[in-house]
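Asker: Contents of final29.pdb (PDB, C-alpha atoms and all ligand atoms):
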```pdb
ATOM      1  CA  MET E  14     -25.004  58.829   4.136
ATOM      2  CA  LYS E  15     -21.221  58.826   4.305
ATOM      3  CA  ARG E  16     -21.396  56.220   7.056
ATOM      4  CA  ASP E  17     -23.704  54.009   4.922
ATOM      5  CA  LEU E  18     -21.305  54.193   1.977
ATOM      6  CA  LEU E  19     -18.470  53.214   4.271
ATOM      7  CA  LYS E  20     -20.525  50.244   5.492
ATOM      8  CA  ILE E  21     -21.202  49.116   1.895
ATOM      9  CA  PHE E  22     -17.526  49.594   1.013
ATOM     10  CA  ARG E  23     -16.507  47.502   4.023
ATOM     11  CA  GLY E  24     -19.043  44.836   3.099
ATOM     12  CA  VAL E  25     -17.741  44.618  -0.481
ATOM     13  CA  CYS E  26     -14.136  44.392   0.773
ATOM     14  CA  LEU E  27     -15.113  41.596   3.147
ATOM     15  CA  TRP E  28     -16.762  39.600   0.345
ATOM     16  CA  LEU E  29     -13.840  40.179  -2.012
ATOM     17  CA  GLY E  30     -11.563  38.935   0.760
ATOM     18  CA  VAL E  31     -13.642  35.793   1.259
ATOM     19  CA  LEU E  32     -13.754  35.214  -2.508
ATOM     20  CA  GLY E  33      -9.998  35.810  -2.793
ATOM     21  CA  ALA E  34      -9.273  33.398   0.048
ATOM     22  CA  ALA E  35     -11.454  30.757  -1.588
ATOM     23  CA  LEU E  36      -9.698  31.123  -4.921
ATOM     24  CA  LEU E  37      -6.100  31.382  -3.715
ATOM     25  CA  PRO E  38      -4.145  28.150  -4.064
ATOM     26  CA  GLY E  39      -3.597  26.397  -0.739
ATOM     27  CA  GLU E  40      -6.425  28.316   0.877
ATOM     28  CA  ALA E  41      -9.247  26.042  -0.179
ATOM     29  CA  PRO E  42     -11.694  25.183   2.600
ATOM     30  CA  ALA E  43     -11.384  21.727   4.166
ATOM     31  CA  GLN E  44     -12.760  19.060   1.840
ATOM     32  CA  ALA E  45     -16.042  17.460   2.834
ATOM     33  CA  ALA E  46     -15.776  13.765   3.708
ATOM     34  CA  PRO E  47     -16.350  11.599   0.617
ATOM     35  CA  ALA E  48     -19.591   9.647   0.323
ATOM     36  CA  SER E  49     -19.620   5.986   1.298
ATOM     37  CA  ALA E  50     -19.908   3.259  -1.328
ATOM     38  CA  GLY E  51     -22.063   1.384   1.163
ATOM     39  CA  PRO E  52     -21.184  -1.562   3.356
ATOM     40  CA  ALA E  53     -18.508  -3.870   1.971
ATOM     41  CA  ASP E  54     -18.998  -7.629   1.728
ATOM     42  CA  PRO E  55     -18.439  -8.963   5.305
ATOM     43  CA  LYS E  56     -16.342 -11.790   3.803
ATOM     44  CA  LEU E  57     -13.966  -9.182   2.333
ATOM     45  CA  ILE E  58     -13.641  -7.504   5.739
ATOM     46  CA  GLU E  59     -12.978 -10.893   7.342
ATOM     47  CA  ASP E  60     -10.284 -11.607   4.725
ATOM     48  CA  LEU E  61      -8.709  -8.192   5.306
ATOM     49  CA  VAL E  62      -8.548  -8.785   9.067
ATOM     50  CA  ALA E  63      -7.076 -12.237   8.367
ATOM     51  CA  ALA E  64      -4.518 -10.717   5.954
ATOM     52  CA  ASN E  65      -3.263  -8.445   8.743
ATOM     53  CA  LEU E  66      -2.812 -11.393  11.116
ATOM     54  CA  ILE E  67      -1.276 -13.699   8.475
ATOM     55  CA  LEU E  68       1.321 -11.113   7.483
ATOM     56  CA  VAL E  69       2.366 -10.776  11.139
ATOM     57  CA  ASP E  70       2.455 -14.583  11.580
ATOM     58  CA  GLN E  71       4.635 -14.911   8.480
ATOM     59  CA  GLY E  72       7.152 -12.271   9.556
ATOM     60  CA  VAL E  73       6.214  -9.715   6.894
ATOM     61  CA  LEU E  74       4.570  -7.121   9.179
ATOM     62  CA  ASP E  75       5.410  -6.317  12.799
ATOM     63  CA  GLY E  76       4.058  -3.356  14.752
ATOM     64  CA  TYR E  77       4.201  -1.423  11.474
ATOM     65  CA  GLY E  78       3.007  -1.789   7.909
ATOM     66  CA  HIS E  79      -0.470  -2.082   6.441
ATOM     67  CA  VAL E  80      -2.630  -3.995   4.008
ATOM     68  CA  SER E  81      -5.637  -2.736   2.059
ATOM     69  CA  VAL E  82      -8.210  -4.112  -0.361
ATOM     70  CA  ARG E  83     -10.293  -2.384  -3.021
ATOM     71  CA  HIS E  84     -13.979  -2.027  -2.077
ATOM     72  CA  ASP E  85     -16.161  -4.688  -3.700
ATOM     73  CA  LYS E  86     -18.913  -2.147  -4.503
ATOM     74  CA  ASP E  87     -16.869   0.794  -5.799
ATOM     75  CA  LEU E  88     -13.529   0.747  -7.623
ATOM     76  CA  ASN E  89     -12.874   4.265  -6.307
ATOM     77  CA  ARG E  90     -12.855   3.208  -2.678
ATOM     78  CA  TYR E  91     -10.554   0.998  -0.649
ATOM     79  CA  LEU E  92     -10.675  -0.538   2.813
ATOM     80  CA  MET E  93      -7.903  -0.442   5.400
ATOM     81  CA  SER E  94      -7.532  -0.301   9.171
ATOM     82  CA  ARG E  95      -7.275   2.893  11.162
ATOM     83  CA  SER E  96      -3.716   3.503  12.398
ATOM     84  CA  LEU E  97      -3.097   0.370  14.443
ATOM     85  CA  ALA E  98      -0.531  -2.436  14.792
ATOM     86  CA  PRO E  99      -1.661  -5.114  12.287
ATOM     87  CA  GLU E 100      -1.920  -7.833  14.934
ATOM     88  CA  LEU E 101      -4.584  -5.838  16.784
ATOM     89  CA  VAL E 102      -6.830  -5.151  13.774
ATOM     90  CA  THR E 103     -10.466  -6.319  14.030
ATOM     91  CA  ALA E 104     -13.465  -5.674  11.754
ATOM     92  CA  VAL E 105     -14.500  -2.521  13.649
ATOM     93  CA  ASP E 106     -11.105  -0.921  12.875
ATOM     94  CA  ILE E 107     -11.578  -1.154   9.100
ATOM     95  CA  LEU E 108     -12.307   2.209   7.470
ATOM     96  CA  GLU E 109     -13.337   3.137   3.933
ATOM     97  CA  TYR E 110     -11.114   5.571   1.987
ATOM     98  CA  ASP E 111     -11.447   7.349  -1.335
ATOM     99  CA  LEU E 112      -8.510   7.175  -3.761
ATOM    100  CA  ASP E 113      -7.154  10.498  -2.428
ATOM    101  CA  SER E 114      -6.900   8.539   0.837
ATOM    102  CA  ASN E 115      -9.506  10.592   2.696
ATOM    103  CA  ALA E 116     -11.403   8.422   5.186
ATOM    104  CA  VAL E 117     -15.152   8.384   4.566
ATOM    105  CA  ASP E 118     -15.960   8.395   8.269
ATOM    106  CA  PRO E 119     -12.825   8.617  10.445
ATOM    107  CA  ARG E 120     -14.870   9.391  13.598
ATOM    108  CA  GLY E 121     -11.850  10.999  15.193
ATOM    109  CA  ARG E 122      -9.638   7.960  14.758
ATOM    110  CA  SER E 123      -6.067   8.469  13.567
ATOM    111  CA  LEU E 124      -5.081   7.228  10.130
ATOM    112  CA  PHE E 125      -1.861   5.714   8.760
ATOM    113  CA  ILE E 126       0.584   8.458   7.713
ATOM    114  CA  GLU E 127       1.519   6.475   4.592
ATOM    115  CA  ARG E 128      -2.022   5.719   3.368
ATOM    116  CA  ASN E 129      -1.323   7.606   0.112
ATOM    117  CA  ILE E 130       0.724   4.584  -0.974
ATOM    118  CA  HIS E 131      -2.526   2.647  -1.295
ATOM    119  CA  GLY E 132      -4.706   5.330  -2.897
ATOM    120  CA  GLU E 133      -2.093   6.268  -5.495
ATOM    121  CA  ILE E 134      -1.461   2.634  -6.481
ATOM    122  CA  TYR E 135      -5.206   1.962  -6.862
ATOM    123  CA  LYS E 136      -5.434   5.060  -9.083
ATOM    124  CA  ALA E 137      -2.534   3.954 -11.281
ATOM    125  CA  ARG E 138      -3.365   0.251 -11.447
ATOM    126  CA  PRO E 139      -6.974  -0.731 -12.222
ATOM    127  CA  ASP E 140      -5.877  -4.405 -12.136
ATOM    128  CA  VAL E 141      -4.778  -4.160  -8.488
ATOM    129  CA  LYS E 142      -7.297  -5.264  -5.842
ATOM    130  CA  ALA E 143      -4.999  -5.442  -2.802
ATOM    131  CA  VAL E 144      -1.878  -3.600  -1.606
ATOM    132  CA  VAL E 145       0.590  -4.465   1.167
ATOM    133  CA  HIS E 146       3.149  -1.986   2.474
ATOM    134  CA  ASN E 147       5.746  -3.656   4.669
ATOM    135  CA  HIS E 148       9.228  -3.330   6.168
ATOM    136  CA  SER E 149       9.871  -7.017   5.455
ATOM    137  CA  PRO E 150      13.365  -7.464   6.969
ATOM    138  CA  SER E 151      15.156  -9.730   4.454
ATOM    139  CA  VAL E 152      14.070  -7.464   1.600
ATOM    140  CA  ILE E 153      15.737  -4.334   3.028
ATOM    141  CA  PRO E 154      19.329  -5.174   1.873
ATOM    142  CA  PHE E 155      18.136  -5.576  -1.730
ATOM    143  CA  GLY E 156      16.660  -2.080  -1.652
ATOM    144  CA  ALA E 157      19.951  -0.616  -0.476
ATOM    145  CA  ALA E 158      22.831  -2.639  -1.945
ATOM    146  CA  GLY E 159      22.248  -2.363  -5.678
ATOM    147  CA  VAL E 160      21.843  -6.153  -5.946
ATOM    148  CA  PRO E 161      18.675  -7.056  -7.880
ATOM    149  CA  LEU E 162      16.109  -9.292  -6.188
ATOM    150  CA  ARG E 163      15.578 -12.290  -8.496
ATOM    151  CA  PRO E 164      13.506 -15.493  -8.402
ATOM    152  CA  LEU E 165      15.678 -18.121  -6.722
ATOM    153  CA  TYR E 166      12.944 -20.750  -6.649
ATOM    154  CA  HIS E 167       9.503 -21.500  -8.063
ATOM    155  CA  MET E 168       7.521 -20.015  -5.163
ATOM    156  CA  SER E 169       8.741 -16.541  -6.065
ATOM    157  CA  ALA E 170       8.385 -16.904  -9.830
ATOM    158  CA  PHE E 171       6.308 -13.680  -9.817
ATOM    159  CA  LEU E 172       9.638 -11.808  -9.374
ATOM    160  CA  ARG E 173      10.514 -12.738 -12.959
ATOM    161  CA  ASP E 174      10.755  -9.170 -14.286
ATOM    162  CA  ARG E 175      13.195  -6.619 -12.929
ATOM    163  CA  VAL E 176      12.077  -5.662  -9.406
ATOM    164  CA  PRO E 177      12.260  -1.848  -9.263
ATOM    165  CA  VAL E 178      13.707   0.104  -6.346
ATOM    166  CA  PHE E 179      11.925   3.320  -5.371
ATOM    167  CA  GLU E 180      14.484   6.022  -4.530
ATOM    168  CA  ILE E 181      12.704   8.569  -2.362
ATOM    169  CA  ARG E 182      15.493  11.143  -2.940
ATOM    170  CA  SER E 183      14.534  11.316  -6.624
ATOM    171  CA  ALA E 184      10.942  12.199  -5.739
ATOM    172  CA  GLY E 185      11.258  14.066  -2.432
ATOM    173  CA  GLY E 186      14.843  15.369  -2.225
ATOM    174  CA  ASP E 187      17.494  14.309   0.278
ATOM    175  CA  GLY E 188      15.811  15.599   3.423
ATOM    176  CA  THR E 189      12.717  13.391   3.787
ATOM    177  CA  ASP E 190      12.045  11.211   6.846
ATOM    178  CA  MET E 191      11.810   8.284   4.365
ATOM    179  CA  LEU E 192       8.023   8.074   4.760
ATOM    180  CA  VAL E 193       5.601   8.323   1.856
ATOM    181  CA  ARG E 194       3.650  11.131   3.511
ATOM    182  CA  THR E 195       2.111  12.917   0.544
ATOM    183  CA  PRO E 196       0.030  12.116  -2.532
ATOM    184  CA  SER E 197       2.941  13.180  -4.753
ATOM    185  CA  LEU E 198       5.342  10.733  -3.060
ATOM    186  CA  GLY E 199       2.661   8.034  -3.319
ATOM    187  CA  HIS E 200       2.276   8.857  -6.997
ATOM    188  CA  ALA E 201       6.043   8.598  -7.549
ATOM    189  CA  LEU E 202       6.090   5.222  -5.777
ATOM    190  CA  ALA E 203       3.187   3.963  -7.918
ATOM    191  CA  LYS E 204       5.141   5.103 -10.988
ATOM    192  CA  ALA E 205       8.234   3.199  -9.816
ATOM    193  CA  LEU E 206       6.098   0.078  -9.274
ATOM    194  CA  GLY E 207       4.953   0.292 -12.893
ATOM    195  CA  ALA E 208       3.010  -2.777 -14.015
ATOM    196  CA  GLY E 209       4.804  -5.189 -11.676
ATOM    197  CA  PRO E 210       3.863  -7.011  -8.455
ATOM    198  CA  VAL E 211       6.606  -5.628  -6.161
ATOM    199  CA  ALA E 212       8.654  -2.458  -5.697
ATOM    200  CA  LEU E 213      11.384  -2.162  -3.093
ATOM    201  CA  MET E 214      11.727   1.131  -1.228
ATOM    202  CA  ARG E 215      15.343   2.045  -0.547
ATOM    203  CA  GLY E 216      16.061   2.316   3.174
ATOM    204  CA  HIS E 217      12.462   1.555   4.082
ATOM    205  CA  GLY E 218      10.629  -1.558   2.846
ATOM    206  CA  ALA E 219       8.455  -2.612  -0.047
ATOM    207  CA  VAL E 220       5.037  -2.478  -1.659
ATOM    208  CA  VAL E 221       3.446  -5.653  -2.932
ATOM    209  CA  VAL E 222       0.242  -5.755  -4.984
ATOM    210  CA  GLY E 223      -2.069  -8.344  -6.457
ATOM    211  CA  PRO E 224      -5.387  -9.002  -8.182
ATOM    212  CA  SER E 225      -6.773 -10.289  -4.820
ATOM    213  CA  LEU E 226      -5.911 -10.278  -1.121
ATOM    214  CA  PRO E 227      -4.578 -13.874  -1.211
ATOM    215  CA  HIS E 228      -2.279 -12.898  -4.120
ATOM    216  CA  ALA E 229      -0.897  -9.826  -2.334
ATOM    217  CA  VAL E 230      -0.384 -11.803   0.887
ATOM    218  CA  PHE E 231       1.219 -14.778  -0.925
ATOM    219  CA  ARG E 232       3.559 -12.470  -2.829
ATOM    220  CA  SER E 233       4.519 -10.590   0.342
ATOM    221  CA  VAL E 234       5.356 -13.844   2.145
ATOM    222  CA  TYR E 235       7.401 -15.280  -0.718
ATOM    223  CA  THR E 236       9.188 -12.001  -1.470
ATOM    224  CA  GLU E 237      10.450 -12.104   2.122
ATOM    225  CA  ILE E 238      11.450 -15.793   1.884
ATOM    226  CA  ASN E 239      13.080 -15.351  -1.553
ATOM    227  CA  ALA E 240      15.150 -12.430  -0.258
ATOM    228  CA  ARG E 241      16.346 -14.536   2.688
ATOM    229  CA  LEU E 242      17.201 -17.511   0.459
ATOM    230  CA  GLN E 243      18.835 -15.360  -2.210
ATOM    231  CA  GLY E 244      21.096 -13.798   0.428
ATOM    232  CA  GLN E 245      22.022 -17.307   1.614
ATOM    233  CA  ALA E 246      22.656 -18.550  -1.936
ATOM    234  CA  MET E 247      24.855 -15.543  -2.732
ATOM    235  CA  ALA E 248      26.797 -16.029   0.518
ATOM    236  CA  LEU E 249      27.798 -19.535  -0.606
ATOM    237  CA  GLY E 250      30.039 -17.773  -3.090
ATOM    238  CA  GLY E 251      29.317 -19.775  -6.247
ATOM    239  CA  LYS E 252      27.413 -18.723  -9.320
ATOM    240  CA  VAL E 253      23.753 -18.542  -8.416
ATOM    241  CA  ILE E 254      21.316 -19.850 -11.025
ATOM    242  CA  TYR E 255      17.922 -18.150 -11.010
ATOM    243  CA  LEU E 256      14.726 -19.220 -12.733
ATOM    244  CA  ASN E 257      14.942 -18.172 -16.363
ATOM    245  CA  PRO E 258      12.025 -16.135 -17.782
ATOM    246  CA  ASN E 259      10.384 -19.219 -19.310
ATOM    247  CA  GLU E 260      10.613 -21.264 -16.130
ATOM    248  CA  ALA E 261       9.331 -18.345 -14.083
ATOM    249  CA  GLN E 262       6.375 -17.777 -16.357
ATOM    250  CA  HIS E 263       5.353 -21.443 -16.248
ATOM    251  CA  ALA E 264       5.936 -21.727 -12.498
ATOM    252  CA  GLU E 265       3.825 -18.660 -11.799
ATOM    253  CA  ALA E 266       0.970 -20.016 -13.924
ATOM    254  CA  SER E 267       1.108 -23.377 -12.092
ATOM    255  CA  LEU E 268       1.151 -21.811  -8.644
ATOM    256  CA  ASP E 269      -1.657 -19.420  -9.451
ATOM    257  CA  GLY E 270      -4.183 -22.249  -9.323
ATOM    258  CA  THR E 271      -3.048 -23.365  -5.860
ATOM    259  CA  LEU E 272      -3.151 -20.091  -3.912
ATOM    260  CA  ALA E 273      -6.287 -21.127  -2.022
ATOM    261  CA  ARG E 274      -4.337 -23.896  -0.267
ATOM    262  CA  PRO E 275      -1.864 -21.787   1.747
ATOM    263  CA  TRP E 276      -4.446 -18.990   2.085
ATOM    264  CA  GLU E 277      -6.990 -21.243   3.836
ATOM    265  CA  LEU E 278      -4.320 -22.669   6.131
ATOM    266  CA  TRP E 279      -2.880 -19.247   7.022
ATOM    267  CA  LYS E 280      -6.342 -17.769   7.558
ATOM    268  CA  LYS E 281      -7.500 -20.611   9.786
ATOM    269  CA  LYS E 282      -4.331 -20.450  11.897
ATOM    270  CA  ALA E 283      -4.523 -16.683  12.192
ATOM    271  CA  LEU E 284      -8.220 -16.499  13.095
ATOM    272  CA  THR E 285      -8.220 -19.395  15.593
ATOM    273  CA  LYS E 286      -5.569 -17.537  17.599
ATOM    274  CA  ARG E 287      -8.145 -14.856  18.345
TER
HETATM  275 MN    MN J 301       6.551   2.386   5.979
END
```
Mind turning the file's structure into structure tokens?
Ligand code: MN

Answerer:
Amino acid sequence: MKRDLLKIFRGVCLWLGVLGAALLPGEAPAQAAPASAGPADPKLIEDLVAANLILVDQGVLDGYGHVSVRHDKDLNRYLMSRSLAPELVTAVDILEYDLDSNAVDPRGRSLFIERNIHGEIYKARPDVKAVVHNHSPSVIPFGAAGVPLRPLYHMSAFLRDRVPVFEIRSAGGDGTDMLVRTPSLGHALAKALGAGPVALMRGHGAVVVGPSLPHAVFRSVYTEINARLQGQAMALGGKVIYLNPNEAQHAEASLDGTLARPWELWKKKALTKR
């Protein structure tokens, strides 16, 4: 009898322990993989593979950096490669992620450490359909030197509003490894980006977004070129004249209708190299 009571007591304690562990913060069981939104449009996958190659060709990405696109069948999913150098990405490397940046079916493949950048921007910006994270070299000085990046010529008219600089020390303290490793750092970066097309990341790189993959790629390419040209213009030593807000607004509207031209060229060049 006494032994039975002890057994029951032990059983109750065990269940209370399990319940307690389940309810304690930080002790939640591993999350089940999110459900798939179904197969994405093969054309979108092809464009995403092309975007990876184009951004390498154009000097925006190297062995690092990544580009993603929102799923065409579900606004709460996005598509991006497994952790891989962009130049090596093919259609089979593209994975589906939910907006908490969990892969739907990782099948043991490793994922980009900084994937939260993408998920948190898609959460904050319903208008955004594609995100590029790069370490675009000419842009780096403008993230570090306190000199604003401004539209020097018509191709970069989309830089017409103040380009924000994300300071990781404000969000993550002064001891980070500079990487956006967590959802909260991704959230802070998305907040710094605000409603704009580009945010620089001090000591690291940039994020560039757009309403389509061609937009995000175009903006990434011309942010890099504008930064290079702006540095050259400033080095001449005279007073640099930038596009004024009116000019920039008109130039951006004009260029918007022509994006398909460079996109088709870049895509063809990139894919025929394969
Ligand atoms: Mn990075």

Asker: Would you list the residues that come within 9 Å of ligand MN 301 (chain J)? Count only C-alpha atoms and all ligand atoms and give the answer as a ChimeraX atom specification.

Answerer: /E:77-79,126-127,146-148,191-193,214,217-219

Asker: In terms of the shortest atom-to-atom distance over all atoms listed in the file, which of E:Val62, E:Leu268, E:Val222, E:Val102 is closest to E:Asp140?

Answerer: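 For E:Asp140, the nearest of the given residues is E:Val222.
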
Asker: Give me the residues within 9 Å of E:Ser49 as a tab-separated table (two decimals) with C-alpha atoms, in the frame of the given file, counting only C-alpha atoms and dropping any in the same chain fewer than 5 places off.

Answerer:
```tsv
chain	number	residue	atom	x	y	z
E	90	ARG	CA	-12.86	3.21	-2.68
E	109	GLU	CA	-13.34	3.14	3.93
E	110	TYR	CA	-11.11	5.57	1.99
E	111	ASP	CA	-11.45	7.35	-1.34
E	117	VAL	CA	-15.15	8.38	4.57
E	118	ASP	CA	-15.96	8.40	8.27
```

Asker: Which residues are near E:Leu88? Cut-off 9 Å, only C-alpha atoms, ignore same chain within fewer than 5 positions. Put them as a list of chain:residue names.

Answerer: E:Arg83, E:Tyr135, E:Pro139, E:Lys142

Asker: Select, counting only C-alpha atoms, all protein, DNA and RNA residues no farther than 8 Å from (10.0, -12.3, -7.4) in file coordinates, and express the selection as a list in words.

Answerer: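 Those residues, ordered by chain and then number, are Leu162, Arg163, Pro164, Ser169, Ala170, Phe171, Leu172, Arg173, Asp174, Val176, Val211, Arg232, Tyr235, Thr236 and Asn239 of chain E.
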
Asker: Starting from the displayed file, determine the output of the PyMOL selection byres (((chain E and resi 91-98) around 9) and not hetatm) and express the residue list as a ChimeraX atom specification.

Answerer: /E:53,58,61-62,65,74-85,87-90,99-112,114,119,122-126,128,131-132,135,142-143

Asker: Take the selection from the previous step and output its residues with C-alpha atoms, as a PDB file, in the frame of the given file.

Answerer:
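New file part-v3.pdb:
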```pdb
ATOM      1  CA  ALA E  53     -18.508  -3.870   1.971  1.00  0.00           C
ATOM      2  CA  ILE E  58     -13.641  -7.504   5.739  1.00  0.00           C
ATOM      3  CA  LEU E  61      -8.709  -8.192   5.306  1.00  0.00           C
ATOM      4  CA  VAL E  62      -8.548  -8.785   9.067  1.00  0.00           C
ATOM      5  CA  ASN E  65      -3.263  -8.445   8.743  1.00  0.00           C
ATOM      6  CA  LEU E  74       4.570  -7.121   9.179  1.00  0.00           C
ATOM      7  CA  ASP E  75       5.410  -6.317  12.799  1.00  0.00           C
ATOM      8  CA  GLY E  76       4.058  -3.356  14.752  1.00  0.00           C
ATOM      9  CA  TYR E  77       4.201  -1.423  11.474  1.00  0.00           C
ATOM     10  CA  GLY E  78       3.007  -1.789   7.909  1.00  0.00           C
ATOM     11  CA  HIS E  79      -0.470  -2.082   6.441  1.00  0.00           C
ATOM     12  CA  VAL E  80      -2.630  -3.995   4.008  1.00  0.00           C
ATOM     13  CA  SER E  81      -5.637  -2.736   2.059  1.00  0.00           C
ATOM     14  CA  VAL E  82      -8.210  -4.112  -0.361  1.00  0.00           C
ATOM     15  CA  ARG E  83     -10.293  -2.384  -3.021  1.00  0.00           C
ATOM     16  CA  HIS E  84     -13.979  -2.027  -2.077  1.00  0.00           C
ATOM     17  CA  ASP E  85     -16.161  -4.688  -3.700  1.00  0.00           C
ATOM     18  CA  ASP E  87     -16.869   0.794  -5.799  1.00  0.00           C
ATOM     19  CA  LEU E  88     -13.529   0.747  -7.623  1.00  0.00           C
ATOM     20  CA  ASN E  89     -12.874   4.265  -6.307  1.00  0.00           C
ATOM     21  CA  ARG E  90     -12.855   3.208  -2.678  1.00  0.00           C
ATOM     22  CA  PRO E  99      -1.661  -5.114  12.287  1.00  0.00           C
ATOM     23  CA  GLU E 100      -1.920  -7.833  14.934  1.00  0.00           C
ATOM     24  CA  LEU E 101      -4.584  -5.838  16.784  1.00  0.00           C
ATOM     25  CA  VAL E 102      -6.830  -5.151  13.774  1.00  0.00           C
ATOM     26  CA  THR E 103     -10.466  -6.319  14.030  1.00  0.00           C
ATOM     27  CA  ALA E 104     -13.465  -5.674  11.754  1.00  0.00           C
ATOM     28  CA  VAL E 105     -14.500  -2.521  13.649  1.00  0.00           C
ATOM     29  CA  ASP E 106     -11.105  -0.921  12.875  1.00  0.00           C
ATOM     30  CA  ILE E 107     -11.578  -1.154   9.100  1.00  0.00           C
ATOM     31  CA  LEU E 108     -12.307   2.209   7.470  1.00  0.00           C
ATOM     32  CA  GLU E 109     -13.337   3.137   3.933  1.00  0.00           C
ATOM     33  CA  TYR E 110     -11.114   5.571   1.987  1.00  0.00           C
ATOM     34  CA  ASP E 111     -11.447   7.349  -1.335  1.00  0.00           C
ATOM     35  CA  LEU E 112      -8.510   7.175  -3.761  1.00  0.00           C
ATOM     36  CA  SER E 114      -6.900   8.539   0.837  1.00  0.00           C
ATOM     37  CA  PRO E 119     -12.825   8.617  10.445  1.00  0.00           C
ATOM     38  CA  ARG E 122      -9.638   7.960  14.758  1.00  0.00           C
ATOM     39  CA  SER E 123      -6.067   8.469  13.567  1.00  0.00           C
ATOM     40  CA  LEU E 124      -5.081   7.228  10.130  1.00  0.00           C
ATOM     41  CA  PHE E 125      -1.861   5.714   8.760  1.00  0.00           C
ATOM     42  CA  ILE E 126       0.584   8.458   7.713  1.00  0.00           C
ATOM     43  CA  ARG E 128      -2.022   5.719   3.368  1.00  0.00           C
ATOM     44  CA  HIS E 131      -2.526   2.647  -1.295  1.00  0.00           C
ATOM     45  CA  GLY E 132      -4.706   5.330  -2.897  1.00  0.00           C
ATOM     46  CA  TYR E 135      -5.206   1.962  -6.862  1.00  0.00           C
ATOM     47  CA  LYS E 142      -7.297  -5.264  -5.842  1.00  0.00           C
ATOM     48  CA  ALA E 143      -4.999  -5.442  -2.802  1.00  0.00           C
TER      49      ALA E 143
END
```

Asker: What does the distance between atom CA of E:Ser225 and atom CA of E:Asp60 come to in Å, to one decimal place?

Answerer: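 Interatomic distance here is 10.3 Å.
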
Asker: Measure the distance from atom CA of E:Ile153 to atom CA of E:Gly188 in Å and round it to one decimal.

Answerer: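 It comes out at 19.9 Å.
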
Asker: Please measure the separation of atom CA of E:Arg215 and atom CA of E:Ile181, giving the value in Å to one decimal.

Answerer: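 Atom-to-atom, atom CA of E:Arg215 and atom CA of E:Ile181 are spaced 7.3 Å apart.
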
Asker: Complete stretch 95-108 of chain E with N, CA and C atoms (output as a JSON list (two decimals), keeping the file's coordinate frame).

Answerer:
```json
[["chain", "number", "residue", "atom", "x", "y", "z"],
["E", 95, "ARG", "N", -7.78, 1.64, 10.60],
["E", 95, "ARG", "CA", -7.28, 2.89, 11.16],
["E", 95, "ARG", "C", -5.83, 2.63, 11.59],
["E", 96, "SER", "N", -5.10, 3.67, 12.01],
["E", 96, "SER", "CA", -3.72, 3.50, 12.40],
["E", 96, "SER", "C", -3.64, 2.59, 13.62],
["E", 97, "LEU", "N", -3.10, 1.39, 13.40],
["E", 97, "LEU", "CA", -3.10, 0.37, 14.44],
["E", 97, "LEU", "C", -2.07, -0.70, 14.07],
["E", 98, "ALA", "N", -1.43, -1.31, 15.08],
["E", 98, "ALA", "CA", -0.53, -2.44, 14.79],
["E", 98, "ALA", "C", -1.35, -3.56, 14.16],
["E", 99, "PRO", "N", -0.86, -4.14, 13.05],
["E", 99, "PRO", "CA", -1.66, -5.11, 12.29],
["E", 99, "PRO", "C", -2.22, -6.26, 13.13],
["E", 100, "GLU", "N", -1.47, -6.70, 14.13],
["E", 100, "GLU", "CA", -1.92, -7.83, 14.93],
["E", 100, "GLU", "C", -3.16, -7.51, 15.76],
["E", 101, "LEU", "N", -3.44, -6.24, 15.96],
["E", 101, "LEU", "CA", -4.58, -5.84, 16.78],
["E", 101, "LEU", "C", -5.83, -5.52, 15.97],
["E", 102, "VAL", "N", -5.72, -5.59, 14.64],
["E", 102, "VAL", "CA", -6.83, -5.15, 13.77],
["E", 102, "VAL", "C", -8.02, -6.11, 13.86],
["E", 103, "THR", "N", -9.21, -5.55, 14.09],
["E", 103, "THR", "CA", -10.47, -6.32, 14.03],
["E", 103, "THR", "C", -11.39, -5.61, 13.03],
["E", 104, "ALA", "N", -12.54, -6.21, 12.77],
["E", 104, "ALA", "CA", -13.46, -5.67, 11.75],
["E", 104, "ALA", "C", -13.88, -4.23, 12.05],
["E", 105, "VAL", "N", -14.04, -3.88, 13.32],
["E", 105, "VAL", "CA", -14.50, -2.52, 13.65],
["E", 105, "VAL", "C", -13.43, -1.46, 13.35],
["E", 106, "ASP", "N", -12.18, -1.88, 13.16],
["E", 106, "ASP", "CA", -11.10, -0.92, 12.88],
["E", 106, "ASP", "C", -10.99, -0.60, 11.39],
["E", 107, "ILE", "N", -11.70, -1.34, 10.55],
["E", 107, "ILE", "CA", -11.58, -1.15, 9.10],
["E", 107, "ILE", "C", -12.36, 0.09, 8.68],
["E", 108, "LEU", "N", -11.69, 0.98, 7.97],
["E", 108, "LEU", "CA", -12.31, 2.21, 7.47],
["E", 108, "LEU", "C", -12.33, 2.18, 5.94]]
```
